[in-house]
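Peer 1: Coordinates in data_21.cif, mmCIF, C-alpha atoms, are listed below.
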```
data_my_file
loop_
_atom_site.group_PDB
_atom_site.id
_atom_site.type_symbol
_atom_site.label_atom_id
_atom_site.label_comp_id
_atom_site.auth_asym_id
_atom_site.auth_seq_id
_atom_site.Cartn_x
_atom_site.Cartn_y
_atom_site.Cartn_z
ATOM 1 C CA MET A 746 -47.010 -11.398 -12.923
ATOM 2 C CA SER A 747 -48.995 -12.684 -15.884
ATOM 3 C CA VAL A 748 -51.843 -11.302 -18.016
ATOM 4 C CA SER A 749 -54.430 -13.778 -19.233
ATOM 5 C CA SER A 750 -56.528 -13.145 -22.365
ATOM 6 C CA GLY A 751 -58.667 -16.117 -23.251
ATOM 7 C CA ASP A 752 -56.429 -19.115 -23.907
ATOM 8 C CA VAL A 753 -53.321 -16.916 -24.376
ATOM 9 C CA GLU A 754 -51.139 -16.303 -21.307
ATOM 10 C CA ILE A 755 -48.320 -13.780 -21.511
ATOM 11 C CA ASP A 756 -45.624 -13.908 -18.833
ATOM 12 C CA ILE A 757 -44.164 -10.461 -18.131
ATOM 13 C CA SER A 758 -42.266 -11.323 -14.944
ATOM 14 C CA GLY A 759 -38.540 -10.695 -14.673
ATOM 15 C CA ASP A 760 -35.817 -8.494 -13.199
ATOM 16 C CA ILE A 761 -35.022 -4.973 -14.311
ATOM 17 C CA ASP A 762 -31.322 -4.600 -15.071
ATOM 18 C CA VAL A 763 -29.616 -1.297 -14.271
ATOM 19 C CA PRO A 764 -27.848 -0.027 -17.391
ATOM 20 C CA ALA A 765 -24.106 -0.423 -17.196
ATOM 21 C CA GLN A 766 -23.694 3.157 -18.406
ATOM 22 C CA VAL A 767 -25.210 4.488 -15.159
ATOM 23 C CA THR A 768 -22.783 2.534 -12.994
ATOM 24 C CA GLU A 769 -19.835 3.502 -15.157
ATOM 25 C CA SER A 770 -20.850 7.159 -15.091
ATOM 26 C CA LYS A 771 -20.976 7.095 -11.282
ATOM 27 C CA LYS A 772 -17.501 5.553 -11.160
ATOM 28 C CA SER A 773 -16.131 8.105 -13.595
ATOM 29 C CA ARG A 774 -17.542 10.991 -11.532
ATOM 30 C CA LEU A 775 -15.932 9.591 -8.387
ATOM 31 C CA LEU A 776 -12.604 9.217 -10.174
ATOM 32 C CA MET A 777 -12.839 12.771 -11.475
ATOM 33 C CA GLN A 778 -13.103 13.999 -7.904
ATOM 34 C CA LEU A 779 -9.672 12.548 -7.150
ATOM 35 C CA PRO A 780 -6.524 14.522 -7.965
ATOM 36 C CA VAL A 781 -5.293 13.718 -11.438
ATOM 37 C CA GLN A 782 -1.776 13.330 -10.142
ATOM 38 C CA LEU A 783 -2.945 10.449 -7.925
ATOM 39 C CA GLN A 784 -4.634 8.701 -10.843
ATOM 40 C CA LEU A 785 -1.570 9.099 -13.035
ATOM 41 C CA ALA A 786 1.042 8.360 -10.369
ATOM 42 C CA SER A 787 4.167 6.853 -11.853
ATOM 43 C CA PRO A 788 4.506 3.121 -11.110
ATOM 44 C CA ALA A 789 8.271 3.614 -10.903
ATOM 45 C CA ALA A 790 7.816 6.288 -8.210
ATOM 46 C CA ARG A 791 5.457 4.064 -6.220
ATOM 47 C CA GLU A 792 7.886 1.171 -6.504
ATOM 48 C CA TRP A 793 10.786 3.374 -5.373
ATOM 49 C CA ILE A 794 8.839 4.603 -2.319
ATOM 50 C CA THR A 795 7.759 1.064 -1.436
ATOM 51 C CA ARG A 796 11.328 -0.161 -1.709
ATOM 52 C CA ARG A 797 12.603 2.637 0.514
ATOM 53 C CA ARG A 798 9.994 1.825 3.174
ATOM 54 C CA GLU A 799 10.857 -1.861 3.063
ATOM 55 C CA ASN A 800 14.581 -1.116 3.412
ATOM 56 C CA VAL A 801 14.223 1.003 6.550
ATOM 57 C CA ARG A 802 16.396 -0.534 9.254
ATOM 58 C CA PRO A 803 14.992 -0.882 12.787
ATOM 59 C CA TRP A 804 15.092 2.539 14.421
ATOM 60 C CA LEU A 805 16.277 1.086 17.736
ATOM 61 C CA VAL A 806 19.310 -0.225 15.873
ATOM 62 C CA PHE A 807 19.756 3.088 14.051
ATOM 63 C CA VAL A 808 19.798 5.203 17.243
ATOM 64 C CA ASN A 809 21.700 2.733 19.426
ATOM 65 C CA THR A 810 24.385 4.989 20.932
ATOM 66 C CA GLN A 811 26.295 1.961 22.229
ATOM 67 C CA LYS A 812 27.274 1.275 18.634
ATOM 68 C CA PHE A 813 28.993 4.642 18.294
ATOM 69 C CA LYS A 814 32.743 4.312 18.137
ATOM 70 C CA VAL A 815 35.468 6.558 16.761
ATOM 71 C CA PRO A 816 37.228 4.903 13.774
ATOM 72 C CA PRO A 817 40.918 4.150 14.424
ATOM 73 C CA ASN A 818 42.196 5.635 11.160
ATOM 74 C CA VAL A 819 41.144 7.494 8.022
ATOM 75 C CA GLN A 820 40.916 4.350 5.911
ATOM 76 C CA ARG A 821 38.522 2.714 8.364
ATOM 77 C CA TRP A 822 36.517 5.957 8.559
ATOM 78 C CA THR A 823 36.109 6.070 4.767
ATOM 79 C CA LYS A 824 34.960 2.466 4.489
ATOM 80 C CA ARG A 825 32.664 2.798 7.492
ATOM 81 C CA THR A 826 31.005 5.904 6.075
ATOM 82 C CA ILE A 827 30.347 4.228 2.725
ATOM 83 C CA LYS A 828 28.922 1.110 4.402
ATOM 84 C CA ASN A 829 26.679 3.127 6.709
ATOM 85 C CA VAL A 830 25.290 5.254 3.887
ATOM 86 C CA ASP A 831 24.531 2.119 1.880
ATOM 87 C CA TYR A 832 23.025 0.229 4.836
ATOM 88 C CA PHE A 833 20.997 3.098 6.379
ATOM 89 C CA GLN A 834 20.143 5.041 3.212
ATOM 90 C CA SER A 835 16.376 4.704 3.766
ATOM 91 C CA ASN A 836 16.708 5.850 7.391
ATOM 92 C CA TYR A 837 18.751 8.858 6.275
ATOM 93 C CA MET A 838 16.046 9.723 3.728
ATOM 94 C CA PHE A 839 13.405 9.722 6.477
ATOM 95 C CA VAL A 840 15.646 11.918 8.642
ATOM 96 C CA PHE A 841 15.661 14.426 5.786
ATOM 97 C CA ILE A 842 11.851 14.244 5.474
ATOM 98 C CA ILE A 843 11.391 14.651 9.243
ATOM 99 C CA LEU A 844 13.533 17.798 9.216
ATOM 100 C CA ILE A 845 11.450 19.220 6.367
ATOM 101 C CA LEU A 846 8.222 18.528 8.269
ATOM 102 C CA TYR A 847 9.726 20.129 11.388
ATOM 103 C CA CYS A 848 10.514 23.299 9.441
ATOM 104 C CA LEU A 849 7.007 23.419 7.971
ATOM 105 C CA ILE A 850 5.378 22.992 11.368
ATOM 106 C CA THR A 851 7.530 25.670 12.984
ATOM 107 C CA SER A 852 7.095 28.127 10.073
ATOM 108 C CA PRO A 853 3.378 28.990 9.746
ATOM 109 C CA MET A 854 3.909 31.325 6.784
ATOM 110 C CA LEU A 855 5.877 28.714 4.858
ATOM 111 C CA LEU A 856 3.265 26.092 5.710
ATOM 112 C CA PHE A 857 0.559 28.416 4.386
ATOM 113 C CA ALA A 858 2.523 28.983 1.157
ATOM 114 C CA VAL A 859 2.962 25.244 0.597
ATOM 115 C CA ALA A 860 -0.716 24.576 1.365
ATOM 116 C CA ALA A 861 -1.801 27.335 -1.045
ATOM 117 C CA SER A 862 0.367 25.937 -3.858
ATOM 118 C CA LEU A 863 -0.862 22.390 -3.320
ATOM 119 C CA GLY A 864 -4.442 23.635 -3.132
ATOM 120 C CA ALA A 865 -4.061 25.474 -6.438
ATOM 121 C CA CYS A 866 -2.648 22.327 -8.050
ATOM 122 C CA TYR A 867 -5.550 20.295 -6.699
ATOM 123 C CA ILE A 868 -8.116 22.767 -8.087
ATOM 124 C CA LEU A 869 -6.410 22.687 -11.477
ATOM 125 C CA SER A 870 -6.486 18.894 -11.496
ATOM 126 C CA LEU A 871 -10.249 18.943 -10.865
ATOM 127 C CA LYS A 872 -10.855 21.533 -13.583
ATOM 128 C CA ASN A 873 -8.765 19.581 -16.091
ATOM 129 C CA ALA A 874 -10.712 16.424 -15.260
ATOM 130 C CA GLU A 875 -13.919 18.242 -16.235
ATOM 131 C CA LYS A 876 -12.628 20.266 -19.162
ATOM 132 C CA LYS A 877 -9.217 20.946 -20.659
ATOM 133 C CA ILE A 878 -7.944 24.516 -20.422
ATOM 134 C CA VAL A 879 -7.395 26.124 -23.836
ATOM 135 C CA ILE A 880 -5.702 29.508 -24.315
ATOM 136 C CA GLY A 881 -5.416 31.042 -27.762
ATOM 137 C CA GLY A 882 -6.553 27.832 -29.404
ATOM 138 C CA HIS A 883 -3.796 25.804 -27.743
ATOM 139 C CA GLU A 884 -4.472 23.238 -25.042
ATOM 140 C CA ILE A 885 -2.373 23.828 -21.928
ATOM 141 C CA SER A 886 -1.131 20.582 -20.407
ATOM 142 C CA LEU A 887 -1.483 19.957 -16.683
ATOM 143 C CA ALA A 888 2.304 19.814 -16.301
ATOM 144 C CA HIS A 889 2.653 23.318 -17.762
ATOM 145 C CA GLN A 890 -0.092 24.567 -15.442
ATOM 146 C CA TYR A 891 1.745 23.123 -12.441
ATOM 147 C CA GLY A 892 4.908 24.808 -13.675
ATOM 148 C CA ALA A 893 3.121 28.153 -13.906
ATOM 149 C CA ILE A 894 1.876 27.773 -10.330
ATOM 150 C CA GLY A 895 5.398 26.967 -9.201
ATOM 151 C CA ILE A 896 6.780 30.097 -10.881
ATOM 152 C CA LEU A 897 4.021 32.305 -9.473
ATOM 153 C CA SER A 898 4.628 30.829 -6.008
ATOM 154 C CA LEU A 899 8.345 31.692 -5.981
ATOM 155 C CA PRO A 900 7.880 35.229 -4.570
ATOM 156 C CA VAL A 901 5.601 33.864 -1.841
ATOM 157 C CA PHE A 902 8.107 31.164 -0.931
ATOM 158 C CA TYR A 903 10.875 33.767 -0.908
ATOM 159 C CA LEU A 904 8.944 35.993 1.488
ATOM 160 C CA ALA A 905 8.191 32.954 3.649
ATOM 161 C CA GLY A 906 11.899 32.223 3.967
ATOM 162 C CA ALA A 907 11.926 29.005 1.948
ATOM 163 C CA GLY A 908 15.525 29.598 0.855
ATOM 164 C CA ALA A 909 16.826 29.793 4.401
ATOM 165 C CA VAL A 910 14.761 26.772 5.408
ATOM 166 C CA LEU A 911 16.104 24.756 2.475
ATOM 167 C CA PHE A 912 19.724 25.550 3.337
ATOM 168 C CA TRP A 913 19.062 24.754 7.007
ATOM 169 C CA VAL A 914 17.484 21.389 6.164
ATOM 170 C CA LEU A 915 20.322 20.479 3.818
ATOM 171 C CA GLY A 916 22.942 21.544 6.351
ATOM 172 C CA ALA A 917 21.280 19.809 9.293
ATOM 173 C CA SER A 918 20.717 16.631 7.266
ATOM 174 C CA PHE A 919 24.325 16.553 6.096
ATOM 175 C CA PHE A 920 25.584 17.123 9.645
ATOM 176 C CA ILE A 921 23.424 14.399 11.211
ATOM 177 C CA ILE A 922 24.140 11.884 8.463
ATOM 178 C CA ALA A 923 27.871 12.625 8.498
ATOM 179 C CA ILE A 924 28.114 12.205 12.285
ATOM 180 C CA HIS A 925 26.063 9.016 12.294
ATOM 181 C CA ALA A 926 27.831 7.461 9.306
ATOM 182 C CA SER A 927 31.254 8.326 10.747
ATOM 183 C CA LEU A 928 30.708 7.040 14.286
ATOM 184 C CA TYR A 929 28.260 4.137 13.905
ATOM 185 C CA ASN A 930 30.172 0.864 14.226
ATOM 186 C CA ILE A 931 28.625 -0.913 11.249
ATOM 187 C CA GLU A 932 31.257 -3.639 11.509
ATOM 188 C CA SER A 933 29.373 -5.051 14.507
ATOM 189 C CA ILE A 934 26.453 -5.773 12.168
ATOM 190 C CA LEU A 935 28.040 -6.529 8.815
ATOM 191 C CA GLY A 936 31.326 -7.992 10.054
ATOM 192 C CA SER A 937 34.875 -6.733 10.337
ATOM 193 C CA GLU A 938 37.156 -5.622 7.520
ATOM 194 C CA ASP A 939 39.393 -8.677 7.839
ATOM 195 C CA GLU A 940 36.445 -11.081 7.679
ATOM 196 C CA PRO A 941 33.504 -9.575 5.763
ATOM 197 C CA PHE A 942 29.978 -10.463 6.689
ATOM 198 C CA GLU A 943 29.456 -12.544 3.533
ATOM 199 C CA LEU A 944 32.453 -14.736 4.323
ATOM 200 C CA GLN A 945 31.256 -15.281 7.876
ATOM 201 C CA MET A 946 27.890 -16.466 6.571
ATOM 202 C CA GLU A 947 29.553 -18.906 4.192
ATOM 203 C CA GLN A 948 31.665 -20.381 6.961
ATOM 204 C CA VAL A 949 28.624 -20.857 9.182
#
```
Once you've parsed the file, please lay out its structure as structure tokens.

Peer 2:
Amino acid sequence: MSVSSGDVEIDISGDIDVPAQVTESKKSRLLMQLPVQLQLASPAAREWITRRRENVRPWLVFVNTQKFKVPPNVQRWTKRTIKNVDYFQSNYMFVFIILILYCLITSPMLLFAVAASLGACYILSLKNAEKKIVIGGHEISLAHQYGAIGILSLPVFYLAGAGAVLFWVLGASFFIIAIHASLYNIESILGSEDEPFELQMEQV
């Protein structure tokens, strides 16, 4: 659009730019709605989880009962157990996680206690994103607040039977892993003791 005044013509056409501050403020508000622990997740932890997921062996291979075979002697049993734990360590970790989830699903009170603790941590993360919590002139870090929630949650977890569940999960995990690592014939995958898998590959 232009405005004409005699012989003088002033061009006032153009686009209106949205201030960058408005866009940035919207982004910051969206980020503040996310849990702080997700924003500050440790790269090392993410890398460790990614590596564990990538190292999971095929589950059909893991549960193949045709591979189960009693070791002939103690020496073979020891070496087999070590090899299996090293080869299937990611699968064993997921077995442990599955048992934990099973206990949570079958224990409504414990599931409620865990959900309440996580919910309290989430609320604290949102409050700290808006304004830091100061008590007696000292700023309380988010880690200390999480620790306080953990301590306050101990009686609830005790009443929910978390101790018994923890011992059951540890015992069941150890039993399953020990049986699998002792009986699974890993030599059929990695090679025999007399001719290790690496040597077989070199010969081929």

Peer 1: Just want the 10 Å neighbourhood of A:Ile878, counted on only C-alpha atoms, with same-chain residues fewer than 5 positions away dropped. Output as a PyMOL selection string.

Peer 2: chain A and resi 869+872-873+883-887+890

Peer 1: Work out how far atom CA of A:Tyr837 is from atom CA of A:Leu904, in Å to one decimal.

Peer 2: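 These two atoms are separated by 29.2 Å.
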
Peer 1: Rounded to one decimal, what separation in Å do you get between atom CA of A:Tyr929 and atom CA of A:Lys812?

Peer 2: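 Separation between atom CA of A:Tyr929 and atom CA of A:Lys812: 5.6 Å.
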
Peer 1: Which of these, A:Ile894, A:Ala874, A:Val815, A:Ile842, has the shortest distance to A:Ser927 once you count only C-alpha atoms?

Peer 2: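 Looking only at the distances to A:Ser927, the closest residue turns out to be A:Val815.
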
Peer 1: Compile the contact shell of A:Gln834 as a ChimeraX atom specification: residues with an atom at most 9 Å away, counting only C-alpha atoms, same-chain residues fewer than 5 positions apart removed.

Peer 2: /A:797,800-801,829,839

Peer 1: Can you write out the residues you just picked, keeping C-alpha atoms, as a short mmCIF file (atom, residue, chain, number, x, y, z; two decimals), in the coordinates of the input?

Peer 2:
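Final file, out39.cif:
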```cif
data_model
loop_
_atom_site.label_atom_id
_atom_site.label_comp_id
_atom_site.auth_asym_id
_atom_site.auth_seq_id
_atom_site.Cartn_x
_atom_site.Cartn_y
_atom_site.Cartn_z
CA ARG A 797 12.60 2.64 0.51
CA ASN A 800 14.58 -1.12 3.41
CA VAL A 801 14.22 1.00 6.55
CA ASN A 829 26.68 3.13 6.71
CA PHE A 839 13.40 9.72 6.48
#
```
